[in-house]
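Trainee: For reference, the file model12.txt (compact mmCIF, C-alpha atoms and all ligand atoms) is included below:
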# COMPACT_ATOMS: atom_id res chain seq x y z
CA MET A 285 0.00 0.00 0.00
CA GLU A 286 1.21 3.49 -0.82
CA TRP A 287 2.13 5.84 1.97
CA ILE A 288 -1.02 7.92 1.42
CA ASP A 289 -3.81 5.42 0.79
CA LYS A 290 -5.47 6.32 -2.54
CA GLU A 291 -8.75 4.91 -1.25
CA LYS A 292 -8.88 7.51 1.54
CA PRO A 293 -10.25 10.98 0.81
CA VAL A 294 -7.95 14.00 0.51
CA LEU A 295 -9.22 17.24 2.06
CA VAL A 296 -8.66 20.50 0.17
CA THR A 297 -9.78 23.63 2.03
CA GLY A 298 -10.92 26.69 0.05
CA ALA A 299 -11.92 24.38 -2.83
CA SER A 300 -13.43 27.08 -5.04
CA GLY A 301 -10.23 29.19 -5.10
CA TYR A 302 -7.96 29.80 -8.09
CA ILE A 303 -5.15 27.54 -6.83
CA ALA A 304 -7.31 24.94 -5.05
CA SER A 305 -9.35 24.34 -8.22
CA TRP A 306 -6.21 23.15 -10.04
CA ILE A 307 -5.18 20.98 -7.09
CA ILE A 308 -8.60 19.33 -7.09
CA LYS A 309 -8.59 18.86 -10.87
CA TYR A 310 -5.25 17.00 -10.75
CA LEU A 311 -6.31 14.91 -7.73
CA LEU A 312 -9.57 13.91 -9.43
CA GLU A 313 -7.71 13.04 -12.63
CA GLU A 314 -5.43 10.79 -10.57
CA GLY A 315 -8.50 9.01 -9.18
CA TYR A 316 -8.54 10.41 -5.65
CA THR A 317 -11.67 11.08 -3.66
CA VAL A 318 -11.58 14.75 -2.72
CA HIS A 319 -13.34 16.46 0.15
CA GLY A 320 -13.48 20.15 -0.75
CA THR A 321 -14.62 22.88 1.63
CA VAL A 322 -16.33 26.10 0.59
CA ARG A 323 -17.56 28.96 2.73
CA ASN A 324 -21.11 28.82 1.45
CA ILE A 325 -22.43 25.56 0.05
CA ASN A 326 -25.51 27.31 -1.30
CA LYS A 327 -23.39 29.32 -3.74
CA LYS A 328 -23.14 26.45 -6.20
CA ASP A 329 -21.85 28.72 -8.97
CA THR A 330 -18.53 29.05 -7.05
CA PHE A 331 -17.83 25.31 -7.29
CA SER A 332 -19.93 24.02 -10.22
CA HIS A 333 -16.75 23.89 -12.37
CA LEU A 334 -15.37 21.32 -9.91
CA LEU A 335 -18.50 19.18 -10.16
CA ASP A 336 -18.10 19.23 -13.97
CA ILE A 337 -14.44 18.17 -13.70
CA ALA A 338 -15.37 15.40 -11.25
CA GLU A 339 -17.95 14.05 -13.67
CA LYS A 340 -15.33 13.70 -16.42
CA SER A 341 -12.61 12.17 -14.24
CA SER A 342 -12.01 8.91 -12.41
CA GLY A 343 -12.06 10.52 -8.95
CA ASN A 344 -14.95 11.56 -6.73
CA LEU A 345 -15.73 14.93 -5.18
CA LYS A 346 -17.73 15.78 -2.09
CA ILE A 347 -18.28 19.40 -1.09
CA PHE A 348 -18.56 20.48 2.57
CA GLN A 349 -19.23 23.84 4.16
CA ALA A 350 -16.55 25.25 6.48
CA ASP A 351 -15.43 28.72 7.53
CA LEU A 352 -11.95 29.61 8.73
CA MET A 353 -13.48 31.62 11.56
CA LYS A 354 -15.82 28.86 12.80
CA LYS A 355 -14.12 26.52 15.24
CA GLU A 356 -14.42 22.83 14.38
CA SER A 357 -16.23 23.55 11.12
CA PHE A 358 -13.59 21.49 9.25
CA LEU A 359 -14.06 18.35 11.38
CA GLU A 360 -16.78 16.78 9.27
CA SER A 361 -14.81 17.16 6.03
CA MET A 362 -11.70 15.67 7.69
CA GLN A 363 -13.25 12.33 8.69
CA GLY A 364 -11.14 9.44 7.34
CA VAL A 365 -8.64 11.81 5.68
CA GLU A 366 -4.87 11.09 5.63
CA LEU A 367 -3.80 14.11 3.60
CA VAL A 368 -5.03 17.65 4.33
CA ILE A 369 -4.19 20.41 1.83
CA HIS A 370 -4.93 23.75 3.49
CA THR A 371 -5.15 26.52 0.89
CA ALA A 372 -8.01 28.67 2.24
CA SER A 373 -6.86 32.12 3.30
CA PRO A 374 -7.87 35.56 2.06
CA PHE A 375 -5.62 36.80 -0.75
CA VAL A 376 -6.34 40.53 -0.96
CA VAL A 377 -3.78 43.30 -1.28
CA ARG A 378 -5.89 46.36 -2.20
CA GLY A 379 -8.96 48.08 -0.76
CA ILE A 380 -8.44 46.68 2.73
CA ASN A 381 -10.31 48.63 5.42
CA ASN A 382 -9.76 46.42 8.44
CA PRO A 383 -6.62 44.28 7.97
CA LYS A 384 -7.05 42.51 11.31
CA GLN A 385 -10.55 41.33 10.50
CA GLU A 386 -10.15 40.84 6.74
CA LEU A 387 -6.70 39.19 6.66
CA ILE A 388 -4.91 38.45 9.93
CA GLU A 389 -7.73 36.74 11.83
CA PRO A 390 -8.95 34.43 9.05
CA ALA A 391 -5.38 33.44 8.09
CA LEU A 392 -4.22 32.81 11.64
CA GLU A 393 -7.42 31.50 13.24
CA GLY A 394 -8.10 29.44 10.12
CA THR A 395 -4.71 27.75 10.35
CA ARG A 396 -5.24 27.05 14.06
CA ASN A 397 -8.70 25.75 13.35
CA VAL A 398 -7.64 23.36 10.56
CA LEU A 399 -4.49 22.09 12.30
CA ASN A 400 -6.16 21.66 15.69
CA SER A 401 -8.95 19.73 13.96
CA ALA A 402 -6.27 17.42 12.51
CA ASN A 403 -5.17 16.75 16.09
CA GLN A 404 -8.65 15.32 16.70
CA ILE A 405 -8.74 13.12 13.58
CA PRO A 406 -6.52 10.06 14.08
CA THR A 407 -6.21 9.21 10.35
CA VAL A 408 -4.37 12.44 9.39
CA LYS A 409 -0.72 11.79 8.43
CA ARG A 410 0.31 14.93 6.57
CA ILE A 411 -0.77 18.54 6.21
CA VAL A 412 0.36 20.59 3.22
CA LEU A 413 -0.02 24.32 3.87
CA THR A 414 -0.23 26.95 1.13
CA SER A 415 2.02 29.66 2.44
CA SER A 416 3.79 32.16 0.21
CA THR A 417 7.12 33.82 -0.44
CA ALA A 418 5.31 36.67 1.35
CA ALA A 419 6.15 34.75 4.54
CA ILE A 420 9.84 34.85 3.53
CA TYR A 421 10.22 38.55 2.65
CA GLY A 422 7.93 41.57 2.74
CA ASP A 423 9.25 44.52 0.75
CA ASN A 424 11.76 43.85 -2.06
CA ILE A 425 14.36 45.94 -0.23
CA GLU A 426 14.47 43.34 2.55
CA VAL A 427 16.10 40.88 0.13
CA LYS A 428 19.20 43.09 -0.08
CA SER A 429 20.12 41.90 3.41
CA PHE A 430 19.87 38.18 2.43
CA SER A 431 23.06 36.29 1.58
CA ASN A 432 24.02 37.28 -2.04
CA GLY A 433 20.66 39.09 -2.24
CA ILE A 434 18.88 35.78 -2.98
CA VAL A 435 15.62 34.59 -1.43
CA THR A 436 15.87 31.09 0.07
CA GLU A 437 13.71 29.02 2.42
CA GLU A 438 15.90 29.90 5.42
CA TYR A 439 14.52 33.45 5.77
CA TRP A 440 11.40 34.87 7.37
CA ASN A 441 9.60 38.10 6.56
CA THR A 442 10.58 40.61 9.26
CA SER A 443 9.32 43.87 7.72
CA SER A 444 5.59 43.33 7.37
CA ASN A 445 3.09 44.29 10.04
CA ILE A 446 -0.57 45.17 10.27
CA GLU A 447 0.04 48.54 8.56
CA ASN A 448 2.81 47.62 6.12
CA ASN A 449 1.84 44.76 3.75
CA PRO A 450 -0.83 43.20 6.02
CA TYR A 451 -1.41 40.34 3.55
CA SER A 452 2.26 39.32 3.81
CA TYR A 453 2.01 39.68 7.59
CA SER A 454 -1.04 37.36 7.63
CA LYS A 455 0.87 34.70 5.67
CA THR A 456 3.92 35.02 7.95
CA LEU A 457 1.88 34.66 11.14
CA ALA A 458 -0.12 31.75 9.73
CA GLU A 459 2.92 29.77 8.57
CA LYS A 460 4.79 30.35 11.85
CA GLU A 461 1.75 29.20 13.80
CA ALA A 462 1.47 26.08 11.61
CA TRP A 463 5.08 25.09 12.38
CA GLU A 464 4.45 25.69 16.11
CA ILE A 465 1.32 23.52 16.17
CA SER A 466 3.01 20.77 14.17
CA LYS A 467 5.93 20.67 16.63
CA GLN A 468 3.58 19.98 19.53
CA GLN A 469 2.63 16.53 18.23
CA ASN A 470 4.18 13.73 16.18
CA ARG A 471 1.30 11.92 14.43
CA TRP A 472 1.18 14.14 11.32
CA ASP A 473 3.86 16.20 9.67
CA LEU A 474 3.74 19.56 7.96
CA VAL A 475 5.06 20.42 4.50
CA VAL A 476 4.81 24.00 3.27
CA ILE A 477 4.53 25.41 -0.25
CA ASN A 478 5.73 29.00 -0.80
CA PRO A 479 4.65 30.28 -4.23
CA CYS A 480 5.54 33.75 -5.52
CA PHE A 481 2.95 35.77 -7.45
CA VAL A 482 0.87 33.08 -9.17
CA PHE A 483 -0.38 33.37 -12.75
CA GLY A 484 -1.63 30.94 -15.36
CA PRO A 485 -5.11 30.01 -16.64
CA SER A 486 -7.99 29.92 -14.20
CA LEU A 487 -10.51 27.10 -14.28
CA THR A 488 -13.35 29.55 -13.66
CA LYS A 489 -14.54 32.92 -14.87
CA ARG A 490 -14.24 34.21 -11.31
CA ASN A 491 -12.05 37.29 -11.22
CA ASP A 492 -11.71 38.17 -7.54
CA SER A 493 -8.29 36.60 -6.94
CA THR A 494 -5.56 39.27 -6.94
CA SER A 495 -3.62 37.18 -9.49
CA ILE A 496 -6.46 37.34 -12.00
CA GLN A 497 -7.27 41.00 -11.30
CA THR A 498 -3.64 41.94 -11.99
CA LEU A 499 -3.52 40.27 -15.41
CA ILE A 500 -6.91 41.70 -16.38
CA GLN A 501 -5.63 45.19 -15.49
CA LEU A 502 -2.53 44.70 -17.66
CA GLY A 503 -4.82 44.03 -20.64
CA ASN A 504 -7.75 46.38 -20.07
CA GLY A 505 -5.95 49.72 -20.18
CA THR A 506 -5.67 50.37 -16.44
CA PHE A 507 -1.91 50.81 -16.98
CA ARG A 508 -2.03 52.24 -20.52
CA PHE A 509 0.07 55.26 -19.46
CA GLY A 510 2.79 52.97 -18.11
CA VAL A 511 3.77 50.84 -15.15
CA PRO A 512 6.21 51.30 -12.28
CA GLU A 513 9.39 49.27 -12.46
CA LEU A 514 8.06 46.78 -9.95
CA TRP A 515 9.60 43.30 -9.91
CA PHE A 516 7.67 40.15 -9.06
CA GLY A 517 8.73 36.55 -8.59
CA ILE A 518 6.47 34.49 -10.87
CA THR A 519 4.95 31.02 -10.34
CA ASP A 520 2.65 29.05 -12.65
CA VAL A 521 -0.64 27.97 -11.04
CA ARG A 522 -0.27 24.46 -12.50
CA ASP A 523 3.16 24.12 -10.84
CA VAL A 524 1.60 25.24 -7.55
CA ALA A 525 -1.04 22.53 -7.82
CA LYS A 526 1.47 19.81 -8.74
CA ALA A 527 3.75 20.88 -5.89
CA HIS A 528 0.95 20.50 -3.33
CA ILE A 529 0.19 16.98 -4.53
CA LEU A 530 3.87 15.96 -4.59
CA ALA A 531 4.38 17.48 -1.15
CA GLY A 532 1.44 15.45 0.12
CA THR A 533 2.14 12.13 -1.53
CA LYS A 534 5.96 11.90 -1.40
CA LYS A 535 6.68 10.48 2.02
CA GLU A 536 10.18 11.97 2.22
CA ALA A 537 9.09 15.54 1.27
CA SER A 538 9.79 18.02 4.05
CA GLY A 539 10.15 21.67 4.96
CA ARG A 540 9.37 24.85 3.04
CA HIS A 541 9.42 25.03 -0.77
CA ILE A 542 9.92 28.16 -2.86
CA LEU A 543 8.08 27.82 -6.17
CA TYR A 544 9.73 30.20 -8.61
CA SER A 545 10.02 30.35 -12.39
CA ASP A 546 11.72 33.74 -12.79
CA SER A 547 11.42 37.34 -11.69
CA LEU A 548 10.21 40.00 -14.06
CA PRO A 549 9.34 43.69 -13.93
CA MET A 550 5.74 44.52 -14.87
CA LEU A 551 6.74 45.94 -18.26
CA GLU A 552 8.38 42.68 -19.27
CA ILE A 553 5.17 40.80 -18.45
CA ALA A 554 3.32 43.31 -20.65
CA ASN A 555 5.92 42.82 -23.41
CA ILE A 556 5.37 39.04 -23.40
CA LEU A 557 1.64 39.68 -23.84
CA HIS A 558 2.12 42.42 -26.45
CA ASN A 559 4.43 40.19 -28.52
CA ARG A 560 1.77 37.49 -28.61
CA PHE A 561 -1.52 39.44 -28.64
CA GLY A 562 -0.47 42.73 -30.28
CA ASP A 563 -2.14 46.16 -30.19
CA LYS A 564 -5.69 44.87 -29.84
CA TYR A 565 -5.32 45.20 -26.05
CA LEU A 566 -4.14 48.28 -24.15
CA PHE A 567 -0.97 46.78 -22.67
CA PRO A 568 1.42 49.24 -21.01
CA ARG A 569 4.32 50.10 -23.32
CA ASN A 570 6.59 52.08 -21.02
CA VAL A 571 7.87 52.50 -17.48
CA VAL A 572 6.69 55.48 -15.44
CA PRO A 573 9.73 57.25 -13.94
CA TYR A 574 10.39 56.72 -10.25
CA PHE A 575 9.83 60.37 -9.22
CA LEU A 576 6.42 60.39 -10.90
CA ILE A 577 5.36 57.14 -9.24
CA TRP A 578 6.54 58.53 -5.90
CA LEU A 579 4.53 61.75 -6.41
CA LEU A 580 1.40 59.96 -7.67
CA SER A 581 1.54 57.04 -5.24
CA PRO A 582 -1.27 58.20 -2.86
CA ILE A 583 -3.59 58.71 -5.88
CA ILE A 584 -2.91 55.25 -7.35
CA GLY A 585 -3.38 53.40 -4.08
CA LEU A 586 0.28 53.01 -3.07
CA ASN A 587 2.11 54.91 -0.35
CA HIS A 588 5.52 56.61 -0.41
CA LYS A 589 7.04 53.99 1.87
CA TYR A 590 5.92 51.15 -0.42
CA VAL A 591 7.41 52.92 -3.46
CA GLU A 592 10.71 53.59 -1.70
CA ARG A 593 11.01 49.99 -0.49
CA ASN A 594 9.90 48.19 -3.67
CA VAL A 595 10.09 50.15 -6.92
CA GLU A 596 13.23 49.59 -9.04
CA ILE A 597 14.46 46.84 -6.70
CA PRO A 598 14.89 43.53 -8.59
CA ILE A 599 14.65 40.24 -6.70
CA LYS A 600 16.12 36.79 -7.29
CA MET A 601 15.15 33.50 -5.69
CA ASP A 602 16.70 30.08 -5.31
CA ASN A 603 14.35 27.22 -6.24
CA SER A 604 16.93 24.43 -6.06
CA TYR A 605 15.53 22.83 -2.89
CA THR A 606 12.07 22.48 -4.48
CA LYS A 607 13.54 20.91 -7.61
CA LYS A 608 15.47 18.44 -5.47
CA ASP A 609 12.82 17.61 -2.86
CA LEU A 610 9.75 17.52 -5.10
CA GLY A 611 11.38 16.87 -8.50
CA LEU A 612 9.41 19.73 -10.01
CA GLU A 613 10.73 21.88 -12.90
CA PRO A 614 9.09 25.31 -13.26
CA THR A 615 6.99 26.24 -16.29
CA PRO A 616 8.56 28.99 -18.45
CA VAL A 617 6.99 32.39 -17.70
CA GLU A 618 6.08 33.05 -21.35
CA LYS A 619 3.81 29.98 -21.33
CA THR A 620 2.29 31.01 -18.00
CA PHE A 621 1.28 34.49 -19.20
CA VAL A 622 0.22 33.51 -22.73
CA ASP A 623 -1.96 30.64 -21.47
CA HIS A 624 -3.46 32.88 -18.80
CA PHE A 625 -4.30 35.71 -21.20
CA GLU A 626 -5.81 33.23 -23.68
CA GLN A 627 -8.12 32.05 -20.90
CA LEU A 628 -9.13 35.65 -20.10
CA ILE A 629 -9.97 36.20 -23.79
CA LYS A 630 -11.90 32.91 -24.01
CA ASP A 631 -13.89 33.80 -20.90
CA LYS A 632 -14.45 37.40 -22.11
CA LEU A 633 -12.72 38.89 -19.06
CA VAL A 634 -10.64 41.29 -21.20
P1 LIG B 701 -8.53 32.85 -4.10
O1 LIG B 701 -8.99 32.35 -5.41
O2 LIG B 701 -9.01 34.19 -3.65
O3 LIG B 701 -8.77 31.76 -3.01
C1 LIG B 701 -8.84 32.02 -1.64
C2 LIG B 701 -9.66 30.94 -1.00
O4 LIG B 701 -9.71 31.15 0.42
C3 LIG B 701 -11.09 30.94 -1.50
O5 LIG B 701 -11.47 29.61 -1.77
C4 LIG B 701 -11.87 31.48 -0.34
O6 LIG B 701 -13.17 30.94 -0.22
C5 LIG B 701 -11.05 31.00 0.83
N1 LIG B 701 -11.36 31.79 2.02
C6 LIG B 701 -11.07 33.09 2.25
N2 LIG B 701 -11.58 33.44 3.45
C7 LIG B 701 -12.20 32.35 3.96
C8 LIG B 701 -12.92 32.07 5.16
N3 LIG B 701 -13.14 33.00 6.09
N4 LIG B 701 -13.40 30.81 5.36
C9 LIG B 701 -13.21 29.85 4.42
N5 LIG B 701 -12.55 30.05 3.28
C10 LIG B 701 -12.07 31.29 3.04
O7 LIG B 701 -6.92 33.00 -4.11
P2 LIG B 701 -5.77 31.96 -4.43
O8 LIG B 701 -4.78 32.73 -5.20
O9 LIG B 701 -6.29 30.69 -4.97
O10 LIG B 701 -5.17 31.73 -2.96
C11 LIG B 701 -5.16 30.44 -2.33
C12 LIG B 701 -4.03 30.39 -1.35
O11 LIG B 701 -2.79 30.59 -2.03
C13 LIG B 701 -4.07 31.43 -0.24
O12 LIG B 701 -3.61 30.82 0.94
C14 LIG B 701 -3.05 32.47 -0.71
O13 LIG B 701 -2.52 33.20 0.36
C15 LIG B 701 -2.02 31.56 -1.34
N6 LIG B 701 -1.11 32.20 -2.29
C16 LIG B 701 -1.61 32.78 -3.43
C17 LIG B 701 -0.73 33.38 -4.32
C18 LIG B 701 -1.21 34.02 -5.59
O14 LIG B 701 -0.45 34.78 -6.22
N7 LIG B 701 -2.44 33.74 -6.05
C19 LIG B 701 0.65 33.37 -4.06
C20 LIG B 701 1.12 32.75 -2.90
C21 LIG B 701 0.24 32.16 -2.03
P3 LIG B 701 -14.44 31.58 -0.96
O15 LIG B 701 -14.49 30.91 -2.29
O16 LIG B 701 -15.57 31.22 -0.10
O17 LIG B 701 -14.20 33.06 -1.07
Reformat the file's structure so that it appears as structure tokens.
Ligand code: NAP

Mentor:
Amino acid sequence: MEWIDKEKPVLVTGASGYIASWIIKYLLEEGYTVHGTVRNINKKDTFSHLLDIAEKSSGNLKIFQADLMKKESFLESMQGVELVIHTASPFVVRGINNPKQELIEPALEGTRNVLNSANQIPTVKRIVLTSSTAAIYGDNIEVKSFSNGIVTEEYWNTSSNIENNPYSYSKTLAEKEAWEISKQQNRWDLVVINPCFVFGPSLTKRNDSTSIQTLIQLGNGTFRFGVPELWFGITDVRDVAKAHILAGTKKEASGRHILYSDSLPMLEIANILHNRFGDKYLFPRNVVPYFLIWLLSPIIGLNHKYVERNVEIPIKMDNSYTKKDLGLEPTPVEKTFVDHFEQLIKDKLV
């Protein structure tokens, strides 16, 4: 028998999300039974794409209702489960009014809730947590203090707090708490996935994930007057999904895993799209000078501190541990962006 029994269900929290949908698709195609949780089971439109995928694949899918903020609400979906994949956590970086309530509490309480539930379910052997490189560094400037200026799994984000990058702070607190809870027992082990900014085709027309919003804005003219020279580490959503499954099913997998294809400034992402899709879409064609971005920052929803600590600061990451531990090679960024934009066109989102 394999280490994770294929006859036992796998739990995926936040099933309707951008990343979780791909994880569930691959699990179903491999014949697993998946228990997926959603916040509101009456909103069938948020998970009907998963029911369609389940119908066409060899696996089975059962949807449960669970909320990160409701204690023990994950218990029912965890019955008989050996592998828990915990993806649910709010991914919002703009328009946040109450960071404690909107980000910190659901990320942190949700992690406690899911992991403490696993302590009550004797079948659980492994938990794979979707963290982020946001738990490794906050502002790009922080990376300058890392050895050779390269992001590796050994670092933790020390610059984010409830006012500065609250999303990154929520991911840092949640991952730290997960390691703490895992250390207090020895029945299940924890493996963590740390993607960068995730792009690649979505399995739904839903556009509320920050990843999808960002690509839509690059194509719909929001940045037609130019973009700041802002560098992002890029990860393909399909690599993220495969990494979660490998991290769950490879017995020897351990630790944190940076998922990284390359880092690019926003204009280079736009250039990839412009080269493939041409002038039909209003892709940005130039970089807005630093002083202008600094002056305009309060109007465009950034603040001076963010500009000073991020704009024109390239970042590099080391993905060698992930390649070695999970045997996963990253998808080239050109494929990620072209496939993603094709999906937006197909689904009439641009
Ligand atoms: P997403 O599509 O917005 O998914 C977020 C998921 O979290 C949704 O399924 C959402 O459920 C669920 N959720 C949020 N608050 C909840 C609550 N109170 N109770 C239950 N579920 C709740 O975004 P995503 O990109 O797939 O993100 C999934 C995970 O990947 C998150 O942990 C995120 O931090 C992490 N991540 C994302 C990126 C990226 O660039 N996309 C990069 C690194 C890490 P509803 O459907 O009910 O809203």

Trainee: Throw together the list of residues within 7 Å of ligand LIG 701 (chain B), counting only C-alpha atoms and all ligand atoms, and drop it here as number ranges by chain.

Mentor: A: 298-304, 322-324, 330, 350-353, 371-375, 390, 414-417, 455, 478-483, 492-495

Trainee: Measuring between only C-alpha atoms, which one of A:Lys428, A:Lys467, A:Lys630, A:Arg560 shows the shortest distance to Lys600 in chain A?

Mentor: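 Nearest to Lys600 in chain A: A:Lys428.
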
Trainee: List the neighbours of range 575-586 of chain A out to 10 Å using only C-alpha atoms; skip same-chain residues closer than 2 positions along the sequence, and give me the result as a ChimeraX atom specification.

Mentor: /A:378-379,511-513,571-573,588-592,595

Trainee: Taking only C-alpha atoms into account, name the residue in A:Pro485, A:Leu474, A:Glu461, A:Asp329 that is nearest to Ile500 in chain A.

Mentor: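 Looking only at the distances to Ile500 in chain A, the closest residue turns out to be A:Pro485.
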
Trainee: Find the distance between CA of Asp336 in chain A and CA of Ala531 in chain A and write it in Å to one decimal.

Mentor: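 Rounded to one decimal, the two atoms are 25.9 Å apart.
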
Trainee: If I take CA of Ile325 in chain A and CA of Leu295 in chain A, how far is one from the other in Å, to one decimal?

Mentor: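 Separating CA of Ile325 in chain A from CA of Leu295 in chain A is a distance of 15.7 Å.
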
Trainee: Which residue is closest to Asp631 in chain A? Choose from A:Leu311, A:Leu487, A:Val294, A:Ala419 and count all atoms listed in the file.

Mentor: A:Leu487

Trainee: What is the CA of Ile369 in chain A to CA of Ser466 in chain A distance in Å?

Mentor: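 Here the two named atoms are 14.3 Å from each other.
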
Trainee: Determine the nearest neighbour of Val296 in chain A from the options A:Glu393, A:Glu366, A:Glu356, A:Glu314, counting all atoms listed in the file.

Mentor: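 Among A:Glu393, A:Glu366, A:Glu356, A:Glu314, it is A:Glu366 that comes nearest to Val296 in chain A.
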
Trainee: Within 9 Å of Val368 in chain A, counting only C-alpha atoms, which residues qualify if same-chain residues fewer than 4 places away don't, as a PyMOL selection string?

Mentor: chain A and resi 294-297+362+398+402+408-413+532

Trainee: Calculated over only C-alpha atoms, which of the candidates A:Ile597, A:Ile380, A:Ile542, A:Val476 has the smallest distance to Trp515 in chain A?

Mentor: A:Ile597

Trainee: Residues near Ser443 in chain A, anyone? I mean within 10 Å using all atoms listed in the file, not counting same-chain ones fewer than 6 positions away, as a VMD selection string.

Mentor: chain A and resid 420 to 423 425 to 426 449 452 to 453

Trainee: Print the selection's residues with C-alpha atoms to a file, as a PDB file, in the frame of the given file.

Mentor:
ATOM      1  CA  ILE A 420       9.840  34.850   3.530  1.00  0.00           C
ATOM      2  CA  TYR A 421      10.220  38.550   2.650  1.00  0.00           C
ATOM      3  CA  GLY A 422       7.930  41.570   2.740  1.00  0.00           C
ATOM      4  CA  ASP A 423       9.250  44.520   0.750  1.00  0.00           C
ATOM      5  CA  ILE A 425      14.360  45.940  -0.230  1.00  0.00           C
ATOM      6  CA  GLU A 426      14.470  43.340   2.550  1.00  0.00           C
ATOM      7  CA  ASN A 449       1.840  44.760   3.750  1.00  0.00           C
ATOM      8  CA  SER A 452       2.260  39.320   3.810  1.00  0.00           C
ATOM      9  CA  TYR A 453       2.010  39.680   7.590  1.00  0.00           C
TER      10      TYR A 453
END

Trainee: For Ala554 in chain A, list every protein, DNA or RNA residue within 8 Å, evaluated using only C-alpha atoms, and leave out those in the same chain fewer than 2 positions away; present the list as number ranges by chain.

Mentor: A: 502, 550-552, 556-558, 567-569

Trainee: Since fewer atoms than expected are present, regenerate N, CA and C atoms for range 451-469 of chain A and write them as an mmCIF file, in the coordinates of the input.

Mentor:
data_model
loop_
_atom_site.group_PDB
_atom_site.id
_atom_site.type_symbol
_atom_site.label_atom_id
_atom_site.label_comp_id
_atom_site.auth_asym_id
_atom_site.auth_seq_id
_atom_site.Cartn_x
_atom_site.Cartn_y
_atom_site.Cartn_z
ATOM 1 N N TYR A 451 -1.233 41.684 4.119
ATOM 2 C CA TYR A 451 -1.410 40.340 3.550
ATOM 3 C C TYR A 451 -0.160 39.490 3.837
ATOM 4 N N SER A 452 1.016 40.072 3.569
ATOM 5 C CA SER A 452 2.260 39.320 3.810
ATOM 6 C C SER A 452 2.390 38.988 5.293
ATOM 7 N N TYR A 453 1.970 39.921 6.134
ATOM 8 C CA TYR A 453 2.010 39.680 7.590
ATOM 9 C C TYR A 453 1.097 38.496 7.944
ATOM 10 N N SER A 454 -0.090 38.452 7.322
ATOM 11 C CA SER A 454 -1.040 37.360 7.630
ATOM 12 C C SER A 454 -0.434 36.015 7.244
ATOM 13 N N LYS A 455 0.275 35.971 6.108
ATOM 14 C CA LYS A 455 0.870 34.700 5.670
ATOM 15 C C LYS A 455 2.040 34.310 6.586
ATOM 16 N N THR A 456 2.782 35.305 7.057
ATOM 17 C CA THR A 456 3.920 35.020 7.950
ATOM 18 C C THR A 456 3.420 34.452 9.275
ATOM 19 N N LEU A 457 2.418 35.128 9.853
ATOM 20 C CA LEU A 457 1.880 34.660 11.140
ATOM 21 C C LEU A 457 1.288 33.262 10.999
ATOM 22 N N ALA A 458 0.559 33.043 9.901
ATOM 23 C CA ALA A 458 -0.120 31.750 9.730
ATOM 24 C C ALA A 458 0.903 30.623 9.562
ATOM 25 N N GLU A 459 1.944 30.856 8.758
ATOM 26 C CA GLU A 459 2.920 29.770 8.570
ATOM 27 C C GLU A 459 3.694 29.490 9.870
ATOM 28 N N LYS A 460 4.066 30.568 10.577
ATOM 29 C CA LYS A 460 4.790 30.350 11.850
ATOM 30 C C LYS A 460 3.939 29.547 12.830
ATOM 31 N N GLU A 461 2.654 29.899 12.884
ATOM 32 C CA GLU A 461 1.750 29.200 13.800
ATOM 33 C C GLU A 461 1.626 27.723 13.397
ATOM 34 N N ALA A 462 1.580 27.477 12.087
ATOM 35 C CA ALA A 462 1.470 26.080 11.610
ATOM 36 C C ALA A 462 2.678 25.266 12.066
ATOM 37 N N TRP A 463 3.884 25.828 11.937
ATOM 38 C CA TRP A 463 5.080 25.090 12.380
ATOM 39 C C TRP A 463 5.026 24.858 13.881
ATOM 40 N N GLU A 464 4.548 25.851 14.646
ATOM 41 C CA GLU A 464 4.450 25.690 16.110
ATOM 42 C C GLU A 464 3.503 24.543 16.468
ATOM 43 N N ILE A 465 2.312 24.553 15.847
ATOM 44 C CA ILE A 465 1.320 23.520 16.170
ATOM 45 C C ILE A 465 1.848 22.141 15.762
ATOM 46 N N SER A 466 2.527 22.091 14.625
ATOM 47 C CA SER A 466 3.010 20.770 14.170
ATOM 48 C C SER A 466 4.067 20.214 15.128
ATOM 49 N N LYS A 467 4.861 21.119 15.710
ATOM 50 C CA LYS A 467 5.930 20.670 16.630
ATOM 51 C C LYS A 467 5.368 20.071 17.919
ATOM 52 N N GLN A 468 4.130 20.444 18.253
ATOM 53 C CA GLN A 468 3.580 19.980 19.530
ATOM 54 C C GLN A 468 3.000 18.564 19.476
ATOM 55 N N GLN A 469 3.130 17.907 18.335
ATOM 56 C CA GLN A 469 2.630 16.530 18.230
ATOM 57 C C GLN A 469 3.517 15.774 17.260
#
